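> So here's my_file-v4.json (JSON, C-alpha atoms).
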```json
[["chain", "number", "residue", "atom", "x", "y", "z"],
["Y", 1, "MET", "CA", -120.43, -125.51, -196.80],
["Y", 2, "SER", "CA", -118.22, -125.93, -193.75],
["Y", 3, "ASP", "CA", -120.29, -123.32, -191.86],
["Y", 4, "ILE", "CA", -123.19, -125.81, -191.76],
["Y", 5, "ARG", "CA", -121.36, -127.96, -189.20],
["Y", 6, "LYS", "CA", -121.20, -125.01, -186.81],
["Y", 7, "MET", "CA", -125.00, -124.63, -186.52],
["Y", 8, "ALA", "CA", -125.92, -123.39, -183.07],
["Y", 9, "ASP", "CA", -129.20, -125.28, -182.75],
["Y", 10, "PHE", "CA", -131.63, -127.61, -184.47],
["Y", 11, "ASP", "CA", -134.13, -124.87, -185.35],
["Y", 12, "THR", "CA", -131.50, -123.00, -187.37],
["Y", 13, "LEU", "CA", -130.27, -126.19, -189.01],
["Y", 14, "THR", "CA", -133.82, -127.27, -189.90],
["Y", 15, "ALA", "CA", -134.77, -123.88, -191.35],
["Y", 16, "GLN", "CA", -131.68, -123.76, -193.55],
["Y", 17, "CYS", "CA", -131.98, -127.42, -194.57],
["Y", 18, "LEU", "CA", -135.62, -126.90, -195.62],
["Y", 19, "ALA", "CA", -134.49, -124.15, -197.99],
["Y", 20, "CYS", "CA", -131.55, -126.15, -199.41],
["Y", 21, "GLU", "CA", -130.97, -126.15, -203.17],
["Y", 22, "ARG", "CA", -127.43, -127.58, -203.20],
["Y", 23, "CYS", "CA", -128.26, -130.37, -205.68],
["Y", 24, "GLY", "CA", -130.82, -131.27, -208.33],
["Y", 25, "LEU", "CA", -132.97, -133.32, -205.93],
["Y", 26, "CYS", "CA", -134.54, -130.05, -204.75],
["Y", 27, "LYS", "CA", -136.34, -129.77, -208.09],
["Y", 28, "THR", "CA", -138.38, -132.96, -207.67],
["Y", 29, "ARG", "CA", -139.00, -133.11, -203.92],
["Y", 30, "HIS", "CA", -142.28, -132.54, -202.14],
["Y", 31, "ASN", "CA", -140.65, -132.20, -198.71],
["Y", 32, "VAL", "CA", -137.16, -132.01, -197.27],
["Y", 33, "VAL", "CA", -136.89, -134.88, -194.79],
["Y", 34, "VAL", "CA", -134.59, -133.51, -192.10],
["Y", 35, "GLY", "CA", -135.03, -136.18, -189.43],
["Y", 36, "VAL", "CA", -137.15, -137.24, -186.49],
["Y", 37, "GLY", "CA", -136.70, -138.26, -182.88],
["Y", 38, "ASN", "CA", -134.96, -137.28, -179.67],
["Y", 39, "LYS", "CA", -132.40, -134.56, -180.38],
["Y", 40, "GLN", "CA", -130.38, -135.63, -177.32],
["Y", 41, "ALA", "CA", -130.37, -139.30, -178.33],
["Y", 42, "GLU", "CA", -127.30, -141.41, -177.70],
["Y", 43, "VAL", "CA", -128.20, -143.56, -180.73],
["Y", 44, "LEU", "CA", -128.55, -142.17, -184.27],
["Y", 45, "PHE", "CA", -129.95, -144.23, -187.13],
["Y", 46, "VAL", "CA", -129.02, -143.16, -190.68],
["Y", 47, "GLY", "CA", -130.67, -144.33, -193.90],
["Y", 48, "GLU", "CA", -129.78, -143.46, -197.47],
["Y", 49, "GLY", "CA", -132.62, -141.10, -198.37],
["Y", 50, "PRO", "CA", -136.37, -140.58, -198.37],
["Y", 51, "GLY", "CA", -138.68, -142.79, -200.40],
["Y", 52, "GLU", "CA", -142.07, -141.80, -201.79],
["Y", 53, "ASN", "CA", -143.97, -141.94, -198.47],
["Y", 54, "GLU", "CA", -141.20, -140.07, -196.67],
["Y", 55, "ASP", "CA", -141.12, -137.39, -199.37],
["Y", 56, "LEU", "CA", -144.89, -136.90, -199.08],
["Y", 57, "GLN", "CA", -144.99, -136.90, -195.27],
["Y", 58, "GLY", "CA", -141.68, -135.18, -194.51],
["Y", 59, "GLU", "CA", -140.51, -137.84, -192.04],
["Y", 60, "PRO", "CA", -137.97, -140.66, -192.47],
["Y", 61, "PHE", "CA", -139.00, -144.32, -192.54],
["Y", 62, "VAL", "CA", -142.81, -144.00, -192.56],
["Y", 63, "GLY", "CA", -143.68, -146.56, -195.26],
["Y", 64, "ARG", "CA", -143.68, -150.35, -195.00],
["Y", 65, "GLY", "CA", -139.95, -150.35, -194.22],
["Y", 66, "GLY", "CA", -140.52, -147.81, -191.48],
["Y", 67, "LYS", "CA", -143.20, -149.93, -189.88],
["Y", 68, "LEU", "CA", -140.82, -152.91, -189.89],
["Y", 69, "LEU", "CA", -138.06, -150.72, -188.42],
["Y", 70, "ASP", "CA", -140.42, -149.53, -185.66],
["Y", 71, "LEU", "CA", -141.24, -153.15, -184.76],
["Y", 72, "ALA", "CA", -137.55, -154.07, -184.50],
["Y", 73, "LEU", "CA", -136.85, -150.96, -182.43],
["Y", 74, "GLU", "CA", -139.74, -151.64, -180.08],
["Y", 75, "ALA", "CA", -138.59, -155.24, -179.56],
["Y", 76, "VAL", "CA", -135.30, -153.97, -178.08],
["Y", 77, "GLY", "CA", -136.73, -151.03, -176.11],
["Y", 78, "LEU", "CA", -136.04, -148.27, -178.64],
["Y", 79, "SER", "CA", -138.44, -145.72, -180.11],
["Y", 80, "ARG", "CA", -138.21, -142.76, -182.49],
["Y", 81, "GLU", "CA", -140.48, -140.85, -180.09],
["Y", 82, "LYS", "CA", -138.39, -141.59, -177.01],
["Y", 83, "ASN", "CA", -134.72, -142.44, -177.26],
["Y", 84, "ILE", "CA", -133.29, -142.43, -180.80],
["Y", 85, "TYR", "CA", -132.96, -140.01, -183.72],
["Y", 86, "ILE", "CA", -133.39, -141.02, -187.37],
["Y", 87, "ALA", "CA", -131.89, -139.15, -190.33],
["Y", 88, "ASN", "CA", -130.68, -139.86, -193.87],
["Y", 89, "ILE", "CA", -127.58, -139.30, -195.99],
["Y", 90, "VAL", "CA", -129.65, -137.18, -198.42],
["Y", 91, "LYS", "CA", -132.66, -135.18, -197.27],
["Y", 92, "CYS", "CA", -134.60, -135.19, -200.57],
["Y", 93, "ARG", "CA", -136.02, -138.18, -202.44],
["Y", 94, "PRO", "CA", -134.03, -139.45, -205.41],
["Y", 95, "PRO", "CA", -136.41, -140.02, -208.36],
["Y", 96, "GLN", "CA", -137.94, -143.53, -208.49],
["Y", 97, "ASN", "CA", -136.20, -144.27, -205.17],
["Y", 98, "ARG", "CA", -132.87, -144.83, -206.93],
["Y", 99, "ASP", "CA", -129.66, -144.73, -204.89],
["Y", 100, "PRO", "CA", -128.49, -141.16, -204.30],
["Y", 101, "LEU", "CA", -125.70, -140.27, -206.71],
["Y", 102, "PRO", "CA", -122.21, -139.57, -205.27],
["Y", 103, "GLU", "CA", -122.54, -135.85, -206.07],
["Y", 104, "GLU", "CA", -125.95, -135.72, -204.32],
["Y", 105, "GLN", "CA", -124.49, -137.43, -201.25],
["Y", 106, "GLU", "CA", -121.56, -135.01, -201.26],
["Y", 107, "ALA", "CA", -123.85, -131.98, -201.56],
["Y", 108, "CYS", "CA", -126.01, -133.16, -198.65],
["Y", 109, "ILE", "CA", -123.63, -134.86, -196.21],
["Y", 110, "GLU", "CA", -122.81, -131.64, -194.37],
["Y", 111, "TRP", "CA", -126.40, -131.51, -193.09],
["Y", 112, "LEU", "CA", -125.94, -134.93, -191.52],
["Y", 113, "ARG", "CA", -122.56, -133.92, -190.10],
["Y", 114, "ALA", "CA", -124.23, -130.89, -188.49],
["Y", 115, "GLN", "CA", -126.90, -133.16, -187.01],
["Y", 116, "VAL", "CA", -124.21, -135.45, -185.60],
["Y", 117, "ALA", "CA", -122.38, -132.44, -184.12],
["Y", 118, "LEU", "CA", -125.56, -131.26, -182.38],
["Y", 119, "ILE", "CA", -126.77, -134.68, -181.22],
["Y", 120, "ARG", "CA", -123.34, -136.07, -180.28],
["Y", 121, "PRO", "CA", -124.44, -139.73, -180.43],
["Y", 122, "LYS", "CA", -122.42, -142.53, -178.88],
["Y", 123, "ILE", "CA", -123.63, -145.01, -181.53],
["Y", 124, "ILE", "CA", -124.53, -144.52, -185.19],
["Y", 125, "VAL", "CA", -126.42, -147.32, -186.94],
["Y", 126, "CYS", "CA", -126.29, -147.28, -190.74],
["Y", 127, "LEU", "CA", -129.40, -148.74, -192.36],
["Y", 128, "GLY", "CA", -128.28, -150.25, -195.65],
["Y", 129, "ARG", "CA", -125.29, -150.28, -197.97],
["Y", 130, "VAL", "CA", -125.38, -146.65, -199.11],
["Y", 131, "ALA", "CA", -125.33, -145.25, -195.57],
["Y", 132, "ALA", "CA", -122.69, -147.73, -194.38],
["Y", 133, "CYS", "CA", -120.42, -147.00, -197.36],
["Y", 134, "GLN", "CA", -120.71, -143.26, -196.74],
["Y", 135, "ILE", "CA", -120.22, -143.39, -192.95],
["Y", 136, "ILE", "CA", -118.24, -146.53, -192.06],
["Y", 137, "ASN", "CA", -116.11, -147.47, -195.07],
["Y", 138, "LYS", "CA", -116.56, -146.95, -198.81],
["Y", 139, "ASP", "CA", -115.99, -150.70, -199.30],
["Y", 140, "PHE", "CA", -118.40, -151.81, -196.56],
["Y", 141, "LYS", "CA", -120.14, -155.11, -197.37],
["Y", 142, "VAL", "CA", -123.45, -154.99, -195.53],
["Y", 143, "THR", "CA", -124.24, -158.67, -196.11],
["Y", 144, "LYS", "CA", -120.92, -159.72, -194.53],
["Y", 145, "GLU", "CA", -120.15, -156.97, -192.00],
["Y", 146, "HIS", "CA", -123.59, -156.19, -190.60],
["Y", 147, "GLY", "CA", -123.87, -156.24, -186.82],
["Y", 148, "GLN", "CA", -120.17, -155.49, -186.27],
["Y", 149, "PHE", "CA", -119.03, -152.35, -184.46],
["Y", 150, "PHE", "CA", -116.31, -150.01, -185.70],
["Y", 151, "GLU", "CA", -114.99, -147.02, -183.75],
["Y", 152, "ARG", "CA", -114.22, -143.61, -185.19],
["Y", 153, "ASN", "CA", -113.51, -140.47, -183.18],
["Y", 154, "GLY", "CA", -115.02, -142.00, -180.07],
["Y", 155, "VAL", "CA", -118.29, -142.98, -181.81],
["Y", 156, "LEU", "CA", -119.29, -146.61, -182.39],
["Y", 157, "LEU", "CA", -120.54, -147.33, -185.93],
["Y", 158, "MET", "CA", -122.61, -150.32, -187.00],
["Y", 159, "GLY", "CA", -124.11, -151.24, -190.36],
["Y", 160, "THR", "CA", -127.19, -153.39, -190.80],
["Y", 161, "LEU", "CA", -129.55, -154.29, -193.60],
["Y", 162, "HIS", "CA", -132.01, -151.67, -194.83],
["Y", 163, "PRO", "CA", -135.61, -152.52, -193.82],
["Y", 164, "ALA", "CA", -136.58, -152.51, -197.52],
["Y", 165, "ALA", "CA", -134.02, -155.28, -198.16],
["Y", 166, "VAL", "CA", -135.61, -157.35, -195.39],
["Y", 167, "LEU", "CA", -139.06, -156.79, -196.91],
["Y", 168, "ARG", "CA", -137.73, -157.95, -200.29],
["Y", 169, "ASP", "CA", -136.15, -161.06, -198.75],
["Y", 170, "PRO", "CA", -137.94, -162.05, -195.50],
["Y", 171, "ARG", "CA", -135.37, -164.84, -194.96],
["Y", 172, "LYS", "CA", -133.01, -162.06, -193.78],
["Y", 173, "LYS", "CA", -135.32, -161.04, -190.94],
["Y", 174, "GLY", "CA", -133.60, -163.28, -188.37],
["Y", 175, "GLU", "CA", -130.08, -161.97, -188.95],
["Y", 176, "TRP", "CA", -131.41, -158.41, -189.17],
["Y", 177, "PHE", "CA", -133.17, -158.74, -185.83],
["Y", 178, "ALA", "CA", -130.02, -160.28, -184.33],
["Y", 179, "ASP", "CA", -128.25, -157.00, -185.19],
["Y", 180, "PHE", "CA", -130.81, -155.13, -183.07],
["Y", 181, "VAL", "CA", -130.17, -157.48, -180.15],
["Y", 182, "THR", "CA", -126.43, -156.85, -180.57],
["Y", 183, "LEU", "CA", -127.18, -153.12, -180.63],
["Y", 184, "ARG", "CA", -129.25, -153.35, -177.46],
["Y", 185, "ASP", "CA", -126.39, -155.11, -175.68],
["Y", 186, "LYS", "CA", -123.92, -152.43, -176.84],
["Y", 187, "ILE", "CA", -126.29, -149.65, -175.69],
["Y", 188, "ARG", "CA", -126.40, -151.25, -172.24],
["Y", 189, "GLU", "CA", -122.62, -151.29, -172.23],
["Y", 190, "VAL", "CA", -121.84, -147.72, -173.40],
["Y", 191, "CYS", "CA", -124.95, -145.54, -173.06],
["Y", 192, "ASP", "CA", -125.93, -144.17, -169.67],
["Y", 193, "ARG", "CA", -129.14, -142.31, -170.65],
["Y", 194, "THR", "CA", -130.80, -144.95, -172.85],
["Y", 195, "ASP", "CA", -132.87, -147.54, -170.98],
["Y", 196, "VAL", "CA", -133.31, -150.72, -173.02]]
```
Would you mind writing the file out in structure tokens?


Amino acid sequence: MSDIRKMADFDTLTAQCLACERCGLCKTRHNVVVGVGNKQAEVLFVGEGPGENEDLQGEPFVGRGGKLLDLALEAVGLSREKNIYIANIVKCRPPQNRDPLPEEQEACIEWLRAQVALIRPKIIVCLGRVAACQIINKDFKVTKEHGQFFERNGVLLMGTLHPAAVLRDPRKKGEWFADFVTLRDKIREVCDRTDV
């Protein structure tokens, strides 16, 4: 699997990812959800995996949570069409939107690592516990550590609540949005190609 990280370009990565059968999620998927956005983005958002709408449409965060995410992004000058890229830990939908199993994450994580190697983001934002535990720290507590930045190999990492969690508990919307304001301020500090 280590050859995946050495992909020369996004077209090759996408073609190979679309044909992936490295775990059992390939048997129940409608679409492989590779990612969407600006492939030269300085900011990469990572979720846990596709839900039902994403599986049907082949794009991450297109359901109700995606609409909420787009509103938060727009409020701080970010856009999936313009200046960020969005991907997931796993590229195929886990049945009934359950959390991806550790072995499914392990089978799929090399695709995300290849995306990171090609994009070379300055900031990675983890949307939700699963992504934050995989990328930032296996013991990451999203309710306590959201909005904080951690540095690894020259990349700033931040975890925040998953949009679906905010939809389930609208009282969290204020602290969630505060994380996006914190992100905007950090982008202004460290990113030279992202106008926010």

> Give me, please, the distance in Å between atom CA of Leu56 of chain Y and atom CA of Asp179 of chain Y, quoted to one decimal.

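Those two atoms sit 29.6 Å apart.
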
> Once you count all atoms listed in the file, which residues end up no further than 12 Å from (-142.5, -152.8, -191.1) in the file's frame, shown as number ranges by chain?

Y: 61-74, 162-168, 170, 173

> Find the nearest atom pair between each residue of segment 77-144 of chain Y and segment 16-28 of chain Y for residues within 7 Å, count all atoms listed in the file, give distances in Å to one decimal, sort rows by chain and ascending number, and present the table as a Markdown table.


```
| residue | atom | partner | partner_atom | distance |
| --- | --- | --- | --- | --- |
| Y:Cys92 | CA | Y:Leu25 | CA | 5.9 |
| Y:Arg93 | CA | Y:Leu25 | CA | 6.7 |
| Y:Pro94 | CA | Y:Leu25 | CA | 6.2 |
| Y:Glu104 | CA | Y:Cys23 | CA | 6.0 |
| Y:Ala107 | CA | Y:Arg22 | CA | 5.9 |
```

> Which neighbours of Ile123 of chain Y fall inside 10 Å, counting only C-alpha atoms, when residues of the same chain fewer than 3 positions from it are skipped, and could you give them as a VMD selection string?

chain Y and resid 41 to 45 120 126 149 to 151 154 to 158 183 186 to 187 190 to 191

> So, with only C-alpha atoms as the atoms that count, which of Y:Glu189, Y:Glu175, Y:Glu59, Y:Asp139 lies closest to Gly37 of chain Y?

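For Gly37 of chain Y, the nearest of the given residues is Y:Glu59.
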
> One decimal, Å: what's the distance from atom CA of Arg29 of chain Y over to atom CA of Thr12 of chain Y, could you say?

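Those two atoms sit 20.8 Å apart.
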
> For the point (-124.7, -149.0, -194.4) in the file's frame, write as JSON, numbers by chain all residues with an atom no more than 8 Å away, counting only C-alpha atoms.

{"Y": [47, 125, 126, 127, 128, 129, 130, 131, 132, 133, 134, 135, 136, 140, 142, 158, 159, 160, 161, 162]}

> Using only C-alpha atoms, which of the listed residues (Y:Glu106, Y:Gln115, Y:Val181, Y:Lys122) sits closest to Asp11 of chain Y?

Y:Gln115

> To test the calculation: enclose all listed atoms of segment 161-179 of chain Y in a box whose edges run along x, y and z, add 8 Å on each side, then state centre and edge lengths in Å to one decimal, as JSON.


```
{"center_x": -133.7, "center_y": -158.3, "center_z": -192.3, "size_x": 26.8, "size_y": 29.2, "size_z": 32.0}
```

> Just give me the gap between atom CA of Pro95 of chain Y and atom CA of Ile124 of chain Y in Å, one decimal is fine.

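The value is 26.4 Å.
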
> May I ask which of the residues Y:Lys91, Y:His30, Y:Lys144, Y:Arg184 is the closest one to Gly49 of chain Y, counting all atoms listed in the file?

Y:Lys91

> Which residues are close to Leu112 of chain Y, i.e. within 9 Å by all atoms listed in the file, leaving aside same-chain residues fewer than 6 positions away? Reply as a PyMOL selection string.

chain Y and resi 5+34+46+87-91

> Would you mind listing what lies within 7 Å of segment 194-196 of chain Y as a PyMOL selection string, with only C-alpha atoms counted and same-chain residues fewer than 5 positions away left out?

chain Y and resi 42+76-78+83+184+188

> Kindly indicate which residue among Y:Ala178, Y:Ile109, Y:Ala15, Y:Ile86 lies nearest to Lys39 of chain Y, using only C-alpha atoms for the distances.

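Smallest separation from Lys39 of chain Y among the options: Y:Ile86.
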
> When you count all atoms listed in the file, which of these residues is closest to Ile119 of chain Y: Y:Gln148, Y:Gln40, Y:Ile84, Y:Asp9?

Y:Gln40

> Is it possible to add N, CA, C and O atoms to segment 88-108 of chain Y and hand it back as a PDB file, in the coordinates of the input?


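Result file follows (out_38.pdb):
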```pdb
ATOM      1  N   ASN Y  88    -131.106-139.239-192.624  1.00  0.00           N
ATOM      2  CA  ASN Y  88    -130.680-139.860-193.870  1.00  0.00           C
ATOM      3  C   ASN Y  88    -129.434-139.182-194.408  1.00  0.00           C
ATOM      4  O   ASN Y  88    -129.146-138.032-194.056  1.00  0.00           O
ATOM      5  N   ILE Y  89    -128.731-139.889-195.300  1.00  0.00           N
ATOM      6  CA  ILE Y  89    -127.580-139.300-195.990  1.00  0.00           C
ATOM      7  C   ILE Y  89    -128.031-138.106-196.833  1.00  0.00           C
ATOM      8  O   ILE Y  89    -127.457-137.032-196.763  1.00  0.00           O
ATOM      9  N   VAL Y  90    -129.074-138.295-197.657  1.00  0.00           N
ATOM     10  CA  VAL Y  90    -129.650-137.180-198.420  1.00  0.00           C
ATOM     11  C   VAL Y  90    -131.032-136.882-197.868  1.00  0.00           C
ATOM     12  O   VAL Y  90    -131.743-137.781-197.415  1.00  0.00           O
ATOM     13  N   LYS Y  91    -131.410-135.622-197.901  1.00  0.00           N
ATOM     14  CA  LYS Y  91    -132.660-135.180-197.270  1.00  0.00           C
ATOM     15  C   LYS Y  91    -133.818-135.068-198.256  1.00  0.00           C
ATOM     16  O   LYS Y  91    -134.948-134.800-197.841  1.00  0.00           O
ATOM     17  N   CYS Y  92    -133.556-135.259-199.547  1.00  0.00           N
ATOM     18  CA  CYS Y  92    -134.600-135.190-200.570  1.00  0.00           C
ATOM     19  C   CYS Y  92    -134.647-136.513-201.327  1.00  0.00           C
ATOM     20  O   CYS Y  92    -133.619-137.157-201.534  1.00  0.00           O
ATOM     21  N   ARG Y  93    -135.842-136.889-201.784  1.00  0.00           N
ATOM     22  CA  ARG Y  93    -136.020-138.180-202.440  1.00  0.00           C
ATOM     23  C   ARG Y  93    -135.366-138.230-203.822  1.00  0.00           C
ATOM     24  O   ARG Y  93    -135.665-137.397-204.680  1.00  0.00           O
ATOM     25  N   PRO Y  94    -134.505-139.209-204.048  1.00  0.00           N
ATOM     26  CA  PRO Y  94    -134.030-139.450-205.410  1.00  0.00           C
ATOM     27  C   PRO Y  94    -135.183-139.988-206.270  1.00  0.00           C
ATOM     28  O   PRO Y  94    -135.974-140.800-205.784  1.00  0.00           O
ATOM     29  N   PRO Y  95    -135.316-139.551-207.511  1.00  0.00           N
ATOM     30  CA  PRO Y  95    -136.410-140.020-208.360  1.00  0.00           C
ATOM     31  C   PRO Y  95    -136.474-141.547-208.455  1.00  0.00           C
ATOM     32  O   PRO Y  95    -135.434-142.215-208.515  1.00  0.00           O
ATOM     33  N   GLN Y  96    -137.689-142.080-208.429  1.00  0.00           N
ATOM     34  CA  GLN Y  96    -137.940-143.530-208.490  1.00  0.00           C
ATOM     35  C   GLN Y  96    -137.185-144.306-207.403  1.00  0.00           C
ATOM     36  O   GLN Y  96    -136.883-145.490-207.581  1.00  0.00           O
ATOM     37  N   ASN Y  97    -136.884-143.629-206.307  1.00  0.00           N
ATOM     38  CA  ASN Y  97    -136.200-144.270-205.170  1.00  0.00           C
ATOM     39  C   ASN Y  97    -134.846-144.871-205.538  1.00  0.00           C
ATOM     40  O   ASN Y  97    -134.379-145.807-204.894  1.00  0.00           O
ATOM     41  N   ARG Y  98    -134.200-144.340-206.568  1.00  0.00           N
ATOM     42  CA  ARG Y  98    -132.870-144.830-206.930  1.00  0.00           C
ATOM     43  C   ARG Y  98    -131.892-144.453-205.820  1.00  0.00           C
ATOM     44  O   ARG Y  98    -132.174-143.598-204.984  1.00  0.00           O
ATOM     45  N   ASP Y  99    -130.705-145.110-205.835  1.00  0.00           N
ATOM     46  CA  ASP Y  99    -129.660-144.730-204.890  1.00  0.00           C
ATOM     47  C   ASP Y  99    -129.263-143.281-205.139  1.00  0.00           C
ATOM     48  O   ASP Y  99    -129.174-142.853-206.303  1.00  0.00           O
ATOM     49  N   PRO Y 100    -128.999-142.515-204.075  1.00  0.00           N
ATOM     50  CA  PRO Y 100    -128.490-141.160-204.300  1.00  0.00           C
ATOM     51  C   PRO Y 100    -127.133-141.198-204.988  1.00  0.00           C
ATOM     52  O   PRO Y 100    -126.283-142.023-204.641  1.00  0.00           O
ATOM     53  N   LEU Y 101    -126.954-140.331-205.972  1.00  0.00           N
ATOM     54  CA  LEU Y 101    -125.700-140.270-206.710  1.00  0.00           C
ATOM     55  C   LEU Y 101    -124.580-139.738-205.808  1.00  0.00           C
ATOM     56  O   LEU Y 101    -124.854-139.011-204.843  1.00  0.00           O
ATOM     57  N   PRO Y 102    -123.318-140.068-206.094  1.00  0.00           N
ATOM     58  CA  PRO Y 102    -122.210-139.570-205.270  1.00  0.00           C
ATOM     59  C   PRO Y 102    -122.232-138.051-205.105  1.00  0.00           C
ATOM     60  O   PRO Y 102    -121.995-137.543-203.998  1.00  0.00           O
ATOM     61  N   GLU Y 103    -122.531-137.317-206.180  1.00  0.00           N
ATOM     62  CA  GLU Y 103    -122.540-135.850-206.070  1.00  0.00           C
ATOM     63  C   GLU Y 103    -123.704-135.351-205.208  1.00  0.00           C
ATOM     64  O   GLU Y 103    -123.593-134.328-204.528  1.00  0.00           O
ATOM     65  N   GLU Y 104    -124.820-136.088-205.191  1.00  0.00           N
ATOM     66  CA  GLU Y 104    -125.950-135.720-204.320  1.00  0.00           C
ATOM     67  C   GLU Y 104    -125.587-135.989-202.861  1.00  0.00           C
ATOM     68  O   GLU Y 104    -125.873-135.177-201.979  1.00  0.00           O
ATOM     69  N   GLN Y 105    -124.932-137.123-202.617  1.00  0.00           N
ATOM     70  CA  GLN Y 105    -124.490-137.430-201.250  1.00  0.00           C
ATOM     71  C   GLN Y 105    -123.498-136.368-200.767  1.00  0.00           C
ATOM     72  O   GLN Y 105    -123.581-135.893-199.629  1.00  0.00           O
ATOM     73  N   GLU Y 106    -122.575-136.001-201.637  1.00  0.00           N
ATOM     74  CA  GLU Y 106    -121.560-135.010-201.260  1.00  0.00           C
ATOM     75  C   GLU Y 106    -122.184-133.656-200.972  1.00  0.00           C
ATOM     76  O   GLU Y 106    -121.798-132.959-200.029  1.00  0.00           O
ATOM     77  N   ALA Y 107    -123.187-133.274-201.766  1.00  0.00           N
ATOM     78  CA  ALA Y 107    -123.850-131.980-201.560  1.00  0.00           C
ATOM     79  C   ALA Y 107    -124.642-131.952-200.258  1.00  0.00           C
ATOM     80  O   ALA Y 107    -124.813-130.892-199.652  1.00  0.00           O
ATOM     81  N   CYS Y 108    -125.100-133.110-199.800  1.00  0.00           N
ATOM     82  CA  CYS Y 108    -126.010-133.160-198.650  1.00  0.00           C
ATOM     83  C   CYS Y 108    -125.352-133.598-197.344  1.00  0.00           C
ATOM     84  O   CYS Y 108    -125.898-133.361-196.271  1.00  0.00           O
TER      85      CYS Y 108
END
```
